[in-house]
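Undergrad: This is the structure, below, for whatever I ask next.
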Amino acid sequence: MCGAYLRVTQDELRELIEEPERYWAYAEKAVGTERAVDIDKAWHALWFLAKRAGFEVDFVLGGTLLGEADSDGPPRYFTADEVRTISAEMARAGFDRLSEGVGLSELEAEGIYPSIWDEPDALDYVRGYHDELVTFFAEATKAGEPVVTIIT
């Protein structure tokens, strides 16, 4: 299972709310651009760390559903205001603070996906995706744009 994020305009979000199945067309067009970011399998560790840190908005598994739950997703969205909150929390926390005191054995014991916690540099894998998300949410905030996310 992998996580992905997509910046959309307000108009695109309205279209997606009316026709959630269009998500895949929007996502496909955005691949390889600054409008999309893939966080691979780091989503679960990021969710765990943010939950542990008490983030106000669950930027991994939260948001408002677009359509109904199915095997791929479902996509969920964050309003521009929620994106601003997420961006501020991510910037304020920073990865060092977010992961402070977390041992690899704790991630293993919690069953955090993927099962890489026996590798000494496993948190570096998560840090890289965290840093990408910090930039992604900051850019979405600057543009005043909502964000759509999915785990497939």
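Labels used: A, B, ... for chains in the order of the structure tokens, numbers from 1 for residues in each chain, and numbers from 1 for ligands as shown.
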Range 96-108 of chain A: which residues within 12 Å, counting only C-alpha atoms, same-chain residues fewer than 3 positions away excluded, as a PyMOL selection string?
TA: chain A and resi 42+44-55+89-93+111-124+126-128+130-131
Undergrad: Restricting it to N, CA, C and O atoms, dump the selection as a short mmCIF file (atom, residue, chain, number, x, y, z; two decimals), in the first residue's frame.
TA:
```cif
data_model
loop_
_atom_site.label_atom_id
_atom_site.label_comp_id
_atom_site.auth_asym_id
_atom_site.auth_seq_id
_atom_site.Cartn_x
_atom_site.Cartn_y
_atom_site.Cartn_z
N ALA A 42 5.75 4.99 3.34
CA ALA A 42 6.05 5.74 4.56
C ALA A 42 4.79 6.30 5.23
O ALA A 42 4.85 6.80 6.35
N HIS A 44 2.27 5.01 6.79
CA HIS A 44 1.86 4.48 8.09
C HIS A 44 2.75 5.02 9.21
O HIS A 44 2.25 5.40 10.28
N ALA A 45 4.04 5.08 8.98
CA ALA A 45 4.95 5.64 9.99
C ALA A 45 4.68 7.12 10.19
O ALA A 45 4.69 7.61 11.33
N LEU A 46 4.41 7.85 9.12
CA LEU A 46 4.09 9.27 9.26
C LEU A 46 2.80 9.46 10.04
O LEU A 46 2.70 10.36 10.88
N TRP A 47 1.81 8.62 9.78
CA TRP A 47 0.56 8.68 10.54
C TRP A 47 0.83 8.43 12.02
O TRP A 47 0.36 9.18 12.88
N PHE A 48 1.61 7.40 12.32
CA PHE A 48 1.93 7.06 13.71
C PHE A 48 2.65 8.22 14.41
O PHE A 48 2.29 8.60 15.53
N LEU A 49 3.65 8.77 13.75
CA LEU A 49 4.42 9.86 14.35
C LEU A 49 3.57 11.11 14.57
O LEU A 49 3.66 11.76 15.62
N ALA A 50 2.74 11.45 13.59
CA ALA A 50 1.90 12.65 13.72
C ALA A 50 0.84 12.45 14.81
O ALA A 50 0.56 13.37 15.59
N LYS A 51 0.28 11.27 14.88
CA LYS A 51 -0.71 10.97 15.92
C LYS A 51 -0.06 11.06 17.29
O LYS A 51 -0.61 11.67 18.21
N ARG A 52 1.11 10.49 17.41
CA ARG A 52 1.86 10.51 18.68
C ARG A 52 2.19 11.94 19.08
O ARG A 52 2.19 12.28 20.26
N ALA A 53 2.45 12.81 18.10
CA ALA A 53 2.79 14.21 18.37
C ALA A 53 1.55 15.08 18.60
O ALA A 53 1.68 16.25 18.93
N GLY A 54 0.36 14.52 18.40
CA GLY A 54 -0.87 15.27 18.65
C GLY A 54 -1.24 16.27 17.57
O GLY A 54 -1.82 17.31 17.87
N PHE A 55 -0.93 15.95 16.32
CA PHE A 55 -1.30 16.86 15.23
C PHE A 55 -2.81 17.11 15.24
O PHE A 55 -3.60 16.19 15.48
N GLU A 89 1.69 22.83 11.11
CA GLU A 89 2.07 21.80 12.08
C GLU A 89 3.32 21.06 11.64
O GLU A 89 4.20 20.78 12.45
N MET A 90 3.39 20.73 10.36
CA MET A 90 4.55 20.00 9.86
C MET A 90 5.81 20.85 9.98
O MET A 90 6.86 20.35 10.37
N ALA A 91 5.71 22.11 9.63
CA ALA A 91 6.87 23.01 9.71
C ALA A 91 7.31 23.21 11.16
O ALA A 91 8.51 23.23 11.46
N ARG A 92 6.34 23.36 12.04
CA ARG A 92 6.64 23.59 13.45
C ARG A 92 7.28 22.36 14.09
O ARG A 92 8.22 22.47 14.84
N ALA A 93 6.76 21.18 13.76
CA ALA A 93 7.25 19.96 14.41
C ALA A 93 8.63 19.56 13.89
O ALA A 93 9.50 19.21 14.67
N GLY A 111 3.41 -2.62 14.84
CA GLY A 111 3.00 -3.19 13.56
C GLY A 111 2.93 -2.16 12.45
O GLY A 111 2.14 -2.28 11.52
N ILE A 112 3.78 -1.14 12.53
CA ILE A 112 3.78 -0.07 11.53
C ILE A 112 4.34 -0.60 10.22
O ILE A 112 5.41 -1.19 10.16
N TYR A 113 3.57 -0.38 9.17
CA TYR A 113 3.89 -0.81 7.81
C TYR A 113 4.87 0.18 7.20
O TYR A 113 4.75 1.38 7.46
N PRO A 114 5.82 -0.24 6.37
CA PRO A 114 6.20 -1.61 6.06
C PRO A 114 7.13 -2.16 7.15
O PRO A 114 7.65 -1.41 7.98
N SER A 115 7.37 -3.42 7.12
CA SER A 115 8.20 -4.07 8.14
C SER A 115 9.68 -3.91 7.81
O SER A 115 10.34 -4.85 7.38
N ILE A 116 10.19 -2.70 8.06
CA ILE A 116 11.60 -2.40 7.77
C ILE A 116 12.34 -1.97 9.02
O ILE A 116 13.47 -1.50 8.95
N TRP A 117 11.71 -2.10 10.17
CA TRP A 117 12.22 -1.48 11.39
C TRP A 117 13.41 -2.19 12.00
O TRP A 117 13.96 -1.74 12.99
N ASP A 118 13.85 -3.26 11.35
CA ASP A 118 15.09 -3.91 11.79
C ASP A 118 16.31 -3.33 11.06
O ASP A 118 17.44 -3.70 11.33
N GLU A 119 16.07 -2.40 10.14
CA GLU A 119 17.15 -1.75 9.40
C GLU A 119 17.52 -0.45 10.12
O GLU A 119 16.64 0.38 10.39
N PRO A 120 18.78 -0.23 10.43
CA PRO A 120 19.19 0.93 11.23
C PRO A 120 18.85 2.29 10.62
O PRO A 120 18.66 3.27 11.34
N ASP A 121 18.73 2.38 9.30
CA ASP A 121 18.44 3.67 8.66
C ASP A 121 16.98 3.79 8.23
O ASP A 121 16.62 4.63 7.41
N ALA A 122 16.10 2.98 8.83
CA ALA A 122 14.69 2.97 8.43
C ALA A 122 14.03 4.33 8.62
O ALA A 122 13.20 4.74 7.80
N LEU A 123 14.37 5.05 9.66
CA LEU A 123 13.75 6.36 9.86
C LEU A 123 14.19 7.38 8.81
O LEU A 123 13.47 8.33 8.53
N ASP A 124 15.36 7.17 8.20
CA ASP A 124 15.79 8.05 7.11
C ASP A 124 14.85 7.93 5.92
O ASP A 124 14.58 8.91 5.22
N VAL A 126 11.64 7.34 6.11
CA VAL A 126 10.45 8.11 6.48
C VAL A 126 10.75 9.61 6.42
O VAL A 126 9.95 10.40 5.92
N ARG A 127 11.92 10.02 6.89
CA ARG A 127 12.31 11.44 6.88
C ARG A 127 12.27 12.02 5.46
O ARG A 127 11.79 13.13 5.26
N GLY A 128 12.77 11.28 4.51
CA GLY A 128 12.78 11.78 3.13
C GLY A 128 11.38 12.12 2.63
O GLY A 128 11.16 13.17 2.02
N HIS A 130 8.73 12.66 4.57
CA HIS A 130 8.24 13.76 5.41
C HIS A 130 8.69 15.10 4.83
O HIS A 130 7.88 16.02 4.69
N ASP A 131 9.96 15.19 4.50
CA ASP A 131 10.50 16.45 3.97
C ASP A 131 9.83 16.84 2.66
O ASP A 131 9.57 18.01 2.41
#
```
Undergrad: Excluding Asp81 in chain A and residues on its chain fewer than 5 positions from it, collect all residues at most 9 Å away from it, counting only C-alpha atoms, and give them as a PDB file with all heavy atoms, in the first residue's frame.
TA:
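Contents of around-v3.pdb, as written:
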```pdb
ATOM      1  N   ILE A  86      -2.178  21.934   8.393  1.00  0.00           N
ATOM      2  CA  ILE A  86      -1.238  20.819   8.236  1.00  0.00           C
ATOM      3  C   ILE A  86       0.158  21.351   7.976  1.00  0.00           C
ATOM      4  O   ILE A  86       1.137  20.909   8.588  1.00  0.00           O
ATOM      5  CB  ILE A  86      -1.688  19.875   7.103  1.00  0.00           C
ATOM      6  CG1 ILE A  86      -2.980  19.151   7.490  1.00  0.00           C
ATOM      7  CG2 ILE A  86      -0.584  18.870   6.752  1.00  0.00           C
ATOM      8  CD1 ILE A  86      -3.682  18.470   6.325  1.00  0.00           C
ATOM      9  N   THR A 141      -0.228  25.607   0.366  1.00  0.00           N
ATOM     10  CA  THR A 141      -0.668  26.706   1.223  1.00  0.00           C
ATOM     11  C   THR A 141      -0.453  28.044   0.523  1.00  0.00           C
ATOM     12  O   THR A 141      -1.343  28.905   0.518  1.00  0.00           O
ATOM     13  CB  THR A 141       0.081  26.662   2.573  1.00  0.00           C
ATOM     14  OG1 THR A 141      -0.290  25.471   3.255  1.00  0.00           O
ATOM     15  CG2 THR A 141      -0.240  27.863   3.435  1.00  0.00           C
ATOM     16  N   GLY A 144      -3.045  28.553  -1.908  1.00  0.00           N
ATOM     17  CA  GLY A 144      -4.412  28.518  -1.379  1.00  0.00           C
ATOM     18  C   GLY A 144      -5.221  27.360  -1.925  1.00  0.00           C
ATOM     19  O   GLY A 144      -6.424  27.477  -2.141  1.00  0.00           O
ATOM     20  N   GLU A 145      -4.540  26.231  -2.148  1.00  0.00           N
ATOM     21  CA  GLU A 145      -5.191  25.099  -2.805  1.00  0.00           C
ATOM     22  C   GLU A 145      -5.523  23.965  -1.835  1.00  0.00           C
ATOM     23  O   GLU A 145      -4.784  23.696  -0.894  1.00  0.00           O
ATOM     24  CB  GLU A 145      -4.292  24.536  -3.905  1.00  0.00           C
ATOM     25  CG  GLU A 145      -4.123  25.489  -5.058  1.00  0.00           C
ATOM     26  CD  GLU A 145      -3.220  24.951  -6.135  1.00  0.00           C
ATOM     27  OE1 GLU A 145      -2.274  24.204  -5.828  1.00  0.00           O
ATOM     28  OE2 GLU A 145      -3.471  25.284  -7.299  1.00  0.00           O
ATOM     29  N   PRO A 146      -6.617  23.256  -2.121  1.00  0.00           N
ATOM     30  CA  PRO A 146      -6.930  22.034  -1.396  1.00  0.00           C
ATOM     31  C   PRO A 146      -5.995  20.910  -1.847  1.00  0.00           C
ATOM     32  O   PRO A 146      -5.298  21.027  -2.868  1.00  0.00           O
ATOM     33  CB  PRO A 146      -8.361  21.706  -1.819  1.00  0.00           C
ATOM     34  CG  PRO A 146      -8.862  22.870  -2.600  1.00  0.00           C
ATOM     35  CD  PRO A 146      -7.663  23.636  -3.057  1.00  0.00           C
TER      36      PRO A 146
END
```
Undergrad: Between A:Ala25, A:Ile151, A:Ala138, A:Leu65, which one has atoms that come closest to Thr85 in chain A, using only C-alpha atoms?
TA: A:Ala138
Undergrad: Any idea what's packed within 12 Å of Tyr5 in chain A, counting only C-alpha atoms, ignoring anything in its chain fewer than 6 positions away? Could you give it as a PyMOL selection string?
TA: chain A and resi 23-24+26-28+30-31+33-40+43+59-61+63+73+75-78+83+129+132-134+136-137+140+146-152
Undergrad: Would you mind exporting the chosen residues as a JSON list (two decimals), in the first residue's frame, restricted to C-alpha atoms?
TA:
```json
[["chain", "number", "residue", "atom", "x", "y", "z"],
["A", 23, "TYR", "CA", -9.68, 11.47, -9.38],
["A", 24, "TRP", "CA", -7.61, 8.99, -11.42],
["A", 26, "TYR", "CA", -6.41, 14.21, -12.39],
["A", 27, "ALA", "CA", -3.79, 12.10, -10.61],
["A", 28, "GLU", "CA", -2.43, 10.67, -13.85],
["A", 30, "ALA", "CA", -0.13, 15.36, -12.27],
["A", 31, "VAL", "CA", 2.42, 12.53, -12.06],
["A", 33, "THR", "CA", 4.87, 17.50, -11.53],
["A", 34, "GLU", "CA", 4.98, 19.63, -8.39],
["A", 35, "ARG", "CA", 1.21, 19.06, -8.09],
["A", 36, "ALA", "CA", 1.66, 15.47, -6.92],
["A", 37, "VAL", "CA", 3.78, 13.65, -4.38],
["A", 38, "ASP", "CA", 4.06, 9.94, -3.71],
["A", 39, "ILE", "CA", 5.07, 8.92, -0.19],
["A", 40, "ASP", "CA", 5.38, 5.24, -1.00],
["A", 43, "TRP", "CA", 2.42, 6.77, 5.10],
["A", 59, "PHE", "CA", -2.92, 14.45, 7.17],
["A", 60, "VAL", "CA", -2.52, 10.74, 6.39],
["A", 61, "LEU", "CA", -5.83, 9.01, 7.13],
["A", 63, "GLY", "CA", -9.87, 14.36, 5.38],
["A", 73, "GLY", "CA", -8.74, 4.42, -1.48],
["A", 75, "PRO", "CA", -9.62, 9.48, -2.07],
["A", 76, "ARG", "CA", -10.07, 12.08, 0.66],
["A", 77, "TYR", "CA", -9.57, 15.80, 0.54],
["A", 78, "PHE", "CA", -8.40, 18.61, 2.76],
["A", 83, "VAL", "CA", -3.91, 22.39, 4.27],
["A", 129, "TYR", "CA", 9.05, 11.51, 2.47],
["A", 132, "GLU", "CA", 8.81, 16.13, 0.57],
["A", 133, "LEU", "CA", 5.41, 16.56, 2.22],
["A", 134, "VAL", "CA", 6.57, 19.65, 4.12],
["A", 136, "PHE", "CA", 4.33, 20.01, -0.91],
["A", 137, "PHE", "CA", 1.97, 21.35, 1.76],
["A", 140, "ALA", "CA", -0.27, 24.21, -1.62],
["A", 146, "PRO", "CA", -6.93, 22.03, -1.40],
["A", 147, "VAL", "CA", -5.17, 18.67, -1.40],
["A", 148, "VAL", "CA", -6.53, 15.22, -2.24],
["A", 149, "THR", "CA", -4.91, 12.12, -0.79],
["A", 150, "ILE", "CA", -5.27, 8.39, -1.29],
["A", 151, "ILE", "CA", -3.73, 5.18, -0.03],
["A", 152, "THR", "CA", -3.84, 2.35, -2.54]]
```
Undergrad: Grab the CA of Glu12 in chain A to CA of Lys29 in chain A distance for me, in Å with one decimal place.
TA: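 Taking CA of Glu12 in chain A as the start and CA of Lys29 in chain A as the end point, the length is 12.8 Å.
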